[in-house]
file upload_37.csv (CSV, N, CA, C and O atoms)
chain,number,residue,atom,x,y,z
A,1,PRO,N,12.4,-2.9,-28.4
A,1,PRO,CA,13.4,-2.2,-27.7
A,1,PRO,C,14.8,-2.7,-28.1
A,1,PRO,O,15.0,-3.8,-28.5
A,2,SER,N,15.8,-1.8,-27.8
A,2,SER,CA,17.1,-2.2,-28.0
A,2,SER,C,17.6,-3.3,-27.0
A,2,SER,O,16.8,-3.6,-26.1
A,3,GLY,N,18.8,-3.8,-27.1
A,3,GLY,CA,19.3,-4.8,-26.2
A,3,GLY,C,19.3,-4.4,-24.8
A,3,GLY,O,18.8,-5.2,-23.9
A,4,THR,N,19.7,-3.2,-24.5
A,4,THR,CA,19.7,-2.7,-23.1
A,4,THR,C,18.3,-2.5,-22.6
A,4,THR,O,18.0,-2.9,-21.5
A,5,GLY,N,17.5,-1.9,-23.4
A,5,GLY,CA,16.1,-1.7,-23.0
A,5,GLY,C,15.3,-3.0,-22.8
A,5,GLY,O,14.6,-3.1,-21.8
A,6,LEU,N,15.6,-4.0,-23.6
A,6,LEU,CA,15.0,-5.3,-23.4
A,6,LEU,C,15.5,-5.9,-22.2
A,6,LEU,O,14.7,-6.5,-21.4
A,7,ALA,N,16.8,-5.8,-21.9
A,7,ALA,CA,17.3,-6.4,-20.6
A,7,ALA,C,16.7,-5.8,-19.4
A,7,ALA,O,16.3,-6.4,-18.4
A,8,TYR,N,16.6,-4.4,-19.4
A,8,TYR,CA,15.9,-3.7,-18.3
A,8,TYR,C,14.5,-4.1,-18.2
A,8,TYR,O,14.0,-4.3,-17.1
A,9,SER,N,13.8,-4.3,-19.3
A,9,SER,CA,12.3,-4.7,-19.2
A,9,SER,C,12.2,-6.1,-18.6
A,9,SER,O,11.3,-6.3,-17.8
A,10,LEU,N,13.0,-7.0,-19.1
A,10,LEU,CA,13.0,-8.4,-18.6
A,10,LEU,C,13.3,-8.4,-17.1
A,10,LEU,O,12.7,-9.1,-16.3
A,11,CYS,N,14.3,-7.7,-16.7
A,11,CYS,CA,14.7,-7.6,-15.2
A,11,CYS,C,13.6,-7.0,-14.4
A,11,CYS,O,13.2,-7.5,-13.3
A,12,SER,N,13.0,-5.9,-14.9
A,12,SER,CA,11.9,-5.3,-14.2
A,12,SER,C,10.7,-6.2,-14.1
A,12,SER,O,10.1,-6.3,-13.0
A,13,GLY,N,10.4,-7.0,-15.1
A,13,GLY,CA,9.3,-7.9,-15.1
A,13,GLY,C,9.6,-9.1,-14.1
A,13,GLY,O,8.7,-9.5,-13.3
A,14,ALA,N,10.8,-9.6,-14.1
A,14,ALA,CA,11.2,-10.6,-13.2
A,14,ALA,C,11.1,-10.2,-11.7
A,14,ALA,O,10.6,-10.9,-10.9
A,15,ILE,N,11.6,-9.0,-11.5
A,15,ILE,CA,11.5,-8.5,-10.1
A,15,ILE,C,10.0,-8.3,-9.7
A,15,ILE,O,9.7,-8.6,-8.5
A,16,ALA,N,9.2,-7.8,-10.6
A,16,ALA,CA,7.8,-7.6,-10.2
A,16,ALA,C,7.1,-8.9,-10.0
A,16,ALA,O,6.3,-9.1,-9.0
A,17,VAL,N,7.4,-9.9,-10.8
A,17,VAL,CA,6.8,-11.3,-10.5
A,17,VAL,C,7.3,-11.9,-9.2
A,17,VAL,O,6.5,-12.4,-8.4
A,18,ALA,N,8.6,-11.7,-8.9
A,18,ALA,CA,9.1,-12.2,-7.7
A,18,ALA,C,8.5,-11.5,-6.5
A,18,ALA,O,8.2,-12.1,-5.5
A,19,GLY,N,8.4,-10.2,-6.6
A,19,GLY,CA,7.7,-9.4,-5.5
A,19,GLY,C,6.3,-9.8,-5.2
A,19,GLY,O,5.9,-10.0,-4.1
A,20,GLN,N,5.5,-10.0,-6.3
A,20,GLN,CA,4.2,-10.5,-6.1
A,20,GLN,C,4.1,-11.9,-5.5
A,20,GLN,O,3.3,-12.2,-4.7
A,21,ALA,N,5.0,-12.8,-6.0
A,21,ALA,CA,5.0,-14.1,-5.4
A,21,ALA,C,5.3,-14.1,-3.9
A,21,ALA,O,4.7,-14.8,-3.2
A,22,LEU,N,6.3,-13.3,-3.6
A,22,LEU,CA,6.7,-13.2,-2.1
A,22,LEU,C,5.6,-12.6,-1.3
A,22,LEU,O,5.3,-13.0,-0.2
A,23,LEU,N,4.9,-11.6,-1.9
A,23,LEU,CA,3.7,-11.0,-1.2
A,23,LEU,C,2.6,-12.1,-1.0
A,23,LEU,O,2.0,-12.2,0.1
A,24,THR,N,2.4,-12.9,-2.0
A,24,THR,CA,1.3,-13.9,-1.9
A,24,THR,C,1.7,-15.0,-0.9
A,24,THR,O,0.9,-15.4,-0.1
A,25,VAL,N,3.0,-15.4,-0.8
A,25,VAL,CA,3.5,-16.3,0.2
A,25,VAL,C,3.3,-15.7,1.6
A,25,VAL,O,2.9,-16.4,2.5
A,26,GLY,N,3.6,-14.4,1.7
A,26,GLY,CA,3.5,-13.8,3.0
A,26,GLY,C,2.1,-13.7,3.5
A,26,GLY,O,1.8,-13.7,4.7
A,27,TYR,N,1.1,-13.7,2.6
A,27,TYR,CA,-0.3,-13.7,3.0
A,27,TYR,C,-0.7,-15.0,3.7
A,27,TYR,O,-1.8,-15.0,4.4
A,28,ARG,N,0.1,-16.0,3.6
A,28,ARG,CA,-0.3,-17.3,4.3
A,28,ARG,C,-0.1,-17.1,5.8
A,28,ARG,O,-0.8,-17.8,6.6
A,29,TYR,N,0.7,-16.2,6.2
A,29,TYR,CA,1.0,-16.0,7.7
A,29,TYR,C,0.3,-14.9,8.3
A,29,TYR,O,0.6,-14.5,9.4
A,30,ILE,N,-0.8,-14.4,7.7
A,30,ILE,CA,-1.5,-13.2,8.3
A,30,ILE,C,-3.0,-13.4,8.0
A,30,ILE,O,-3.4,-14.1,7.1
A,31,GLU,N,-3.8,-12.9,8.9
A,31,GLU,CA,-5.2,-13.0,8.7
A,31,GLU,C,-5.7,-12.2,7.5
A,31,GLU,O,-5.0,-11.3,7.1
A,32,ALA,N,-6.8,-12.6,6.9
A,32,ALA,CA,-7.3,-11.9,5.7
A,32,ALA,C,-7.6,-10.4,5.9
A,32,ALA,O,-7.3,-9.6,5.1
A,33,ALA,N,-8.1,-10.1,7.1
A,33,ALA,CA,-8.4,-8.7,7.4
A,33,ALA,C,-7.2,-7.9,7.4
A,33,ALA,O,-7.1,-6.8,6.9
A,34,ARG,N,-6.2,-8.4,8.1
A,34,ARG,CA,-4.9,-7.6,8.2
A,34,ARG,C,-4.2,-7.6,6.8
A,34,ARG,O,-3.5,-6.6,6.5
A,35,GLY,N,-4.3,-8.7,6.1
A,35,GLY,CA,-3.7,-8.7,4.7
A,35,GLY,C,-4.3,-7.7,3.8
A,35,GLY,O,-3.6,-7.1,3.0
A,36,SER,N,-5.6,-7.4,3.9
A,36,SER,CA,-6.2,-6.4,3.1
A,36,SER,C,-5.7,-5.0,3.5
A,36,SER,O,-5.6,-4.1,2.6
A,37,ILE,N,-5.4,-4.8,4.8
A,37,ILE,CA,-4.9,-3.5,5.2
A,37,ILE,C,-3.5,-3.3,4.6
A,37,ILE,O,-3.1,-2.3,4.2
A,38,VAL,N,-2.7,-4.4,4.7
A,38,VAL,CA,-1.3,-4.4,4.1
A,38,VAL,C,-1.4,-4.1,2.6
A,38,VAL,O,-0.7,-3.2,2.1
A,39,SER,N,-2.3,-4.7,2.0
A,39,SER,CA,-2.4,-4.5,0.5
A,39,SER,C,-2.8,-3.1,0.2
A,39,SER,O,-2.3,-2.5,-0.7
A,40,GLY,N,-3.7,-2.5,1.0
A,40,GLY,CA,-4.1,-1.1,0.7
A,40,GLY,C,-3.1,-0.1,1.1
A,40,GLY,O,-2.9,0.9,0.4
A,41,SER,N,-2.2,-0.4,2.1
A,41,SER,CA,-1.2,0.5,2.5
A,41,SER,C,0.0,0.5,1.5
A,41,SER,O,0.7,1.5,1.5
A,42,ARG,N,0.1,-0.4,0.6
A,42,ARG,CA,1.1,-0.4,-0.4
A,42,ARG,C,1.0,0.8,-1.3
A,42,ARG,O,2.0,1.4,-1.7
A,43,ILE,N,-0.2,1.2,-1.6
A,43,ILE,CA,-0.4,2.3,-2.5
A,43,ILE,C,0.1,3.6,-1.8
A,43,ILE,O,0.7,4.4,-2.4
A,44,LEU,N,-0.2,3.7,-0.5
A,44,LEU,CA,0.2,4.9,0.3
A,44,LEU,C,1.7,4.9,0.3
A,44,LEU,O,2.3,6.0,0.1
A,45,PHE,N,2.3,3.8,0.6
A,45,PHE,CA,3.8,3.8,0.7
A,45,PHE,C,4.4,4.1,-0.7
A,45,PHE,O,5.5,4.8,-0.7
A,46,ALA,N,3.8,3.6,-1.7
A,46,ALA,CA,4.4,3.9,-3.1
A,46,ALA,C,4.3,5.4,-3.3
A,46,ALA,O,5.3,6.0,-3.9
A,47,GLY,N,3.3,6.1,-2.9
A,47,GLY,CA,3.2,7.5,-3.1
A,47,GLY,C,4.2,8.3,-2.3
A,47,GLY,O,4.9,9.2,-2.7
A,48,ILE,N,4.4,7.8,-1.0
A,48,ILE,CA,5.4,8.5,-0.2
A,48,ILE,C,6.8,8.3,-0.7
A,48,ILE,O,7.6,9.2,-0.8
A,49,MET,N,7.1,7.1,-1.2
A,49,MET,CA,8.4,6.8,-1.8
A,49,MET,C,8.6,7.6,-3.1
A,49,MET,O,9.7,8.1,-3.4
A,50,GLY,N,7.6,7.7,-3.9
A,50,GLY,CA,7.7,8.5,-5.1
A,50,GLY,C,8.1,9.9,-4.8
A,50,GLY,O,8.9,10.5,-5.5
A,51,VAL,N,7.5,10.5,-3.8
A,51,VAL,CA,7.8,11.9,-3.5
A,51,VAL,C,9.1,12.1,-2.8
A,51,VAL,O,9.9,12.9,-3.1
A,52,SER,N,9.4,11.2,-1.9
A,52,SER,CA,10.6,11.3,-1.1
A,52,SER,C,11.9,10.8,-1.8
A,52,SER,O,13.0,11.4,-1.7
A,53,ILE,N,11.8,9.7,-2.5
A,53,ILE,CA,13.0,9.1,-3.1
A,53,ILE,C,13.2,9.6,-4.6
A,53,ILE,O,14.3,9.9,-5.0
A,54,PHE,N,12.1,9.6,-5.3
A,54,PHE,CA,12.2,9.9,-6.8
A,54,PHE,C,11.8,11.4,-7.1
A,54,PHE,O,11.7,11.7,-8.3
A,55,SER,N,11.6,12.2,-6.1
A,55,SER,CA,11.4,13.6,-6.3
A,55,SER,C,10.1,13.9,-7.1
A,55,SER,O,10.1,14.9,-7.9
A,56,ASP,N,9.1,13.0,-7.0
A,56,ASP,CA,7.9,13.3,-7.7
A,56,ASP,C,7.2,14.6,-7.1
A,56,ASP,O,7.4,14.8,-5.9
A,57,PRO,N,6.5,15.3,-7.9
A,57,PRO,CA,5.9,16.5,-7.3
A,57,PRO,C,4.8,16.2,-6.3
A,57,PRO,O,4.0,15.3,-6.6
A,58,LEU,N,4.8,16.9,-5.2
A,58,LEU,CA,3.7,16.7,-4.2
A,58,LEU,C,2.5,17.6,-4.6
A,58,LEU,O,2.6,18.8,-4.3
A,59,THR,N,1.5,17.0,-5.1
A,59,THR,CA,0.3,17.8,-5.6
A,59,THR,C,-0.8,17.6,-4.6
A,59,THR,O,-0.8,16.7,-3.8
A,60,LEU,N,-1.8,18.5,-4.7
A,60,LEU,CA,-3.0,18.4,-3.9
A,60,LEU,C,-3.7,17.0,-4.1
A,60,LEU,O,-4.2,16.4,-3.2
A,61,GLN,N,-3.7,16.5,-5.4
A,61,GLN,CA,-4.3,15.2,-5.6
A,61,GLN,C,-3.6,14.1,-4.9
A,61,GLN,O,-4.3,13.2,-4.4
A,62,ILE,N,-2.3,14.1,-4.8
A,62,ILE,CA,-1.6,13.1,-4.1
A,62,ILE,C,-1.9,13.2,-2.6
A,62,ILE,O,-2.1,12.2,-2.0
A,63,VAL,N,-1.9,14.4,-2.1
A,63,VAL,CA,-2.2,14.5,-0.6
A,63,VAL,C,-3.6,14.1,-0.3
A,63,VAL,O,-3.8,13.3,0.7
A,64,LEU,N,-4.6,14.5,-1.1
A,64,LEU,CA,-6.0,14.1,-0.9
A,64,LEU,C,-6.2,12.6,-1.1
A,64,LEU,O,-6.9,12.0,-0.3
A,65,GLY,N,-5.5,12.1,-2.1
A,65,GLY,CA,-5.6,10.6,-2.3
A,65,GLY,C,-5.0,9.8,-1.2
A,65,GLY,O,-5.6,8.8,-0.7
A,66,GLY,N,-3.9,10.3,-0.7
A,66,GLY,CA,-3.2,9.6,0.4
A,66,GLY,C,-4.1,9.7,1.7
A,66,GLY,O,-4.2,8.7,2.5
A,67,ALA,N,-4.7,10.9,1.9
A,67,ALA,CA,-5.6,11.0,3.1
A,67,ALA,C,-6.8,10.1,3.0
A,67,ALA,O,-7.2,9.5,4.0
A,68,LEU,N,-7.4,10.0,1.8
A,68,LEU,CA,-8.5,9.1,1.6
A,68,LEU,C,-8.2,7.7,1.9
A,68,LEU,O,-8.9,6.9,2.5
A,69,ILE,N,-7.0,7.2,1.4
A,69,ILE,CA,-6.5,5.9,1.6
A,69,ILE,C,-6.3,5.6,3.1
A,69,ILE,O,-6.7,4.6,3.7
A,70,LEU,N,-5.6,6.6,3.8
A,70,LEU,CA,-5.4,6.4,5.2
A,70,LEU,C,-6.6,6.4,6.0
A,70,LEU,O,-6.8,5.5,6.9
A,71,VAL,N,-7.6,7.2,5.7
A,71,VAL,CA,-8.9,7.2,6.4
A,71,VAL,C,-9.6,5.9,6.2
A,71,VAL,O,-10.2,5.3,7.1
A,72,SER,N,-9.5,5.4,5.0
A,72,SER,CA,-10.2,4.1,4.6
A,72,SER,C,-9.5,3.0,5.4
A,72,SER,O,-10.2,2.1,5.9
A,73,LEU,N,-8.2,3.0,5.5
A,73,LEU,CA,-7.5,1.9,6.2
A,73,LEU,C,-7.8,1.9,7.7
A,73,LEU,O,-8.0,0.9,8.3
A,74,VAL,N,-7.9,3.1,8.2
A,74,VAL,CA,-8.3,3.2,9.6
A,74,VAL,C,-9.7,2.7,9.8
A,74,VAL,O,-10.0,2.0,10.8
A,75,GLY,N,-10.6,3.1,8.9
A,75,GLY,CA,-12.0,2.7,9.0
A,75,GLY,C,-12.2,1.2,9.0
A,75,GLY,O,-12.9,0.6,9.8
A,76,VAL,N,-11.5,0.5,8.0
A,76,VAL,CA,-11.7,-0.9,7.9
A,76,VAL,C,-10.9,-1.7,9.0
A,76,VAL,O,-11.2,-2.9,9.2
A,77,SER,N,-9.9,-1.1,9.6
A,77,SER,CA,-9.1,-1.8,10.6
A,77,SER,C,-9.8,-1.9,11.9
A,77,SER,O,-9.4,-2.7,12.7
A,78,GLY,N,-10.7,-1.0,12.2
A,78,GLY,CA,-11.4,-1.0,13.5
A,78,GLY,C,-10.7,-0.2,14.5
A,78,GLY,O,-11.1,-0.1,15.6
A,79,ILE,N,-9.6,0.5,14.1
A,79,ILE,CA,-8.9,1.3,15.1
A,79,ILE,C,-9.8,2.5,15.6
A,79,ILE,O,-9.7,2.8,16.7
A,80,ALA,N,-10.6,3.0,14.7
A,80,ALA,CA,-11.4,4.1,15.1
A,80,ALA,C,-12.4,3.8,16.2
A,80,ALA,O,-12.8,4.6,17.0
A,81,ARG,N,-12.8,2.5,16.2
A,81,ARG,CA,-13.8,2.1,17.3
A,81,ARG,C,-13.2,2.2,18.7
A,81,ARG,O,-13.9,2.3,19.7
A,82,LYS,N,-11.9,2.1,18.8
A,82,LYS,CA,-11.2,2.2,20.1
A,82,LYS,C,-11.3,3.6,20.6
A,82,LYS,O,-11.4,3.8,21.8
A,83,PHE,N,-11.3,4.6,19.7
A,83,PHE,CA,-11.3,6.0,20.1
A,83,PHE,C,-12.7,6.6,20.1
A,83,PHE,O,-13.0,7.5,20.8
A,84,PHE,N,-13.5,6.0,19.2
A,84,PHE,CA,-14.9,6.5,19.0
A,84,PHE,C,-15.9,5.3,19.0
A,84,PHE,O,-16.3,4.9,18.0
A,85,PRO,N,-16.2,4.8,20.2
A,85,PRO,CA,-17.0,3.6,20.3
A,85,PRO,C,-18.4,3.9,19.8
A,85,PRO,O,-18.9,5.1,20.0
A,86,PRO,N,-19.1,3.0,19.2
A,86,PRO,CA,-20.5,3.2,18.7
A,86,PRO,C,-21.4,3.5,19.9
A,86,PRO,O,-21.2,3.0,21.0
A,87,ASN,N,-22.4,4.3,19.7
A,87,ASN,CA,-23.3,4.6,20.7
A,87,ASN,C,-24.5,3.7,20.8
A,87,ASN,O,-25.6,4.2,21.0
A,88,GLY,N,-24.3,2.4,20.7
A,88,GLY,CA,-25.4,1.5,20.9
A,88,GLY,C,-26.2,1.2,19.7
A,88,GLY,O,-27.2,0.5,19.7
A,89,MET,N,-25.8,1.7,18.5
A,89,MET,CA,-26.6,1.4,17.3
A,89,MET,C,-26.0,0.3,16.6
A,89,MET,O,-24.9,0.0,16.5

call {"tool": "encode", "arguments": {"input": "upload_37.csv", "output": "structure tokens"}}
result
Amino acid sequence: PSGTGLAYSLCSGAIAVAGQALLTVGYRYIEAARGSIVSGSRILFAGIMGVSIFSDPLTLQIVLGGALILVSLVGVSGIARKFFPPNGM
């Protein structure tokens, strides 16, 4: 890449490494179960930001994928048990 492209690539890489390092440090202060929910929700938030900030097209695949992620996060978090308790099984 050219000088400008190389500078952008290096800055982007440095920011990505710093973000991952801060996320890893943050996991010290949260339970593993909650950390996995936070990790899974990042994908959902990235999709929302892509559509709302960067004007990415909102397709049926994005909506269905987001819904599947949301349902999965609710399932693993145990929130659903508060509203739909198991029937003794």

call {"tool": "atom_distance", "arguments": {"input": "upload_37.csv", "atom1": "atom CA of Lys82 of chain A", "atom2": "atom CA of Ile30 of chain A"}}
result
21.7 Å

call {"tool": "atom_distance", "arguments": {"input": "upload_37.csv", "atom1": "atom O of Gly78 of chain A", "atom2": "atom N of Gly35 of chain A"}}
result
14.5 Å

call {"tool": "closest_residue", "arguments": {"input": "upload_37.csv", "among": "A:Ile37, A:Leu10, A:Leu44, A:Ala32", "to": "Leu64 of chain A", "atoms": "only C-alpha atoms"}}
result
A:Leu44

call {"tool": "select_by_dssp", "arguments": {"input": "upload_37.csv", "residues": "chain A", "states": "helix (DSSP H, G or I)", "output": "ChimeraX atom specification"}}
result
/A:3-29,32-52,60-77,79-83

call {"tool": "closest_residue", "arguments": {"input": "upload_37.csv", "among": "A:Ile43, A:Ala33, A:Leu23, A:Ile53", "to": "Ile69 of chain A", "atoms": "all atoms listed in the file"}}
result
A:Ile43

call {"tool": "closest_residue", "arguments": {"input": "upload_37.csv", "among": "A:Leu73, A:Leu22, A:Leu58, A:Ala67", "to": "Ser41 of chain A", "atoms": "only N, CA, C and O atoms"}}
result
A:Leu73

call {"tool": "atom_distance", "arguments": {"input": "upload_37.csv", "atom1": "atom CA of Arg34 of chain A", "atom2": "atom O of Gln20 of chain A"}}
result
16.0 Å

call {"tool": "closest_residue", "arguments": {"input": "upload_37.csv", "among": "A:Ile79, A:Leu70, A:Leu6, A:Ile62", "to": "Gly40 of chain A", "atoms": "only N, CA, C and O atoms"}}
result
A:Leu70

call {"tool": "decode", "arguments": {"input": "upload_37.csv", "residues": "segment 69-82 of chain A", "atoms": "N, CA and C atoms", "output": "compact mmCIF listing (two decimals), in the first residue's frame"}}
result
# COMPACT_ATOMS: atom_id res chain seq x y z
N ILE A 69 -29.24 -14.32 17.11
CA ILE A 69 -28.26 -13.99 18.16
C ILE A 69 -28.97 -13.54 19.42
N LEU A 70 -29.98 -12.69 19.27
CA LEU A 70 -30.72 -12.20 20.43
C LEU A 70 -31.41 -13.33 21.18
N VAL A 71 -32.06 -14.22 20.45
CA VAL A 71 -32.73 -15.37 21.08
C VAL A 71 -31.71 -16.26 21.78
N SER A 72 -30.57 -16.45 21.16
CA SER A 72 -29.52 -17.28 21.78
C SER A 72 -29.00 -16.64 23.06
N LEU A 73 -28.79 -15.33 23.05
CA LEU A 73 -28.32 -14.64 24.25
C LEU A 73 -29.33 -14.73 25.37
N VAL A 74 -30.60 -14.58 25.04
CA VAL A 74 -31.65 -14.71 26.05
C VAL A 74 -31.67 -16.14 26.59
N GLY A 75 -31.50 -17.11 25.71
CA GLY A 75 -31.51 -18.51 26.14
C GLY A 75 -30.37 -18.86 27.08
N VAL A 76 -29.17 -18.42 26.76
CA VAL A 76 -28.04 -18.77 27.62
C VAL A 76 -27.97 -17.93 28.88
N SER A 77 -28.63 -16.78 28.88
CA SER A 77 -28.56 -15.92 30.06
C SER A 77 -29.48 -16.39 31.18
N GLY A 78 -30.48 -17.18 30.85
CA GLY A 78 -31.42 -17.63 31.86
C GLY A 78 -32.58 -16.67 32.07
N ILE A 79 -32.63 -15.60 31.30
CA ILE A 79 -33.73 -14.64 31.44
C ILE A 79 -35.05 -15.31 31.13
N ALA A 80 -35.07 -16.19 30.16
CA ALA A 80 -36.31 -16.84 29.75
C ALA A 80 -36.91 -17.65 30.90
N ARG A 81 -36.09 -18.19 31.78
CA ARG A 81 -36.60 -19.00 32.90
C ARG A 81 -37.43 -18.16 33.87
N LYS A 82 -37.17 -16.88 33.95
CA LYS A 82 -37.95 -16.02 34.83
C LYS A 82 -39.38 -15.89 34.32
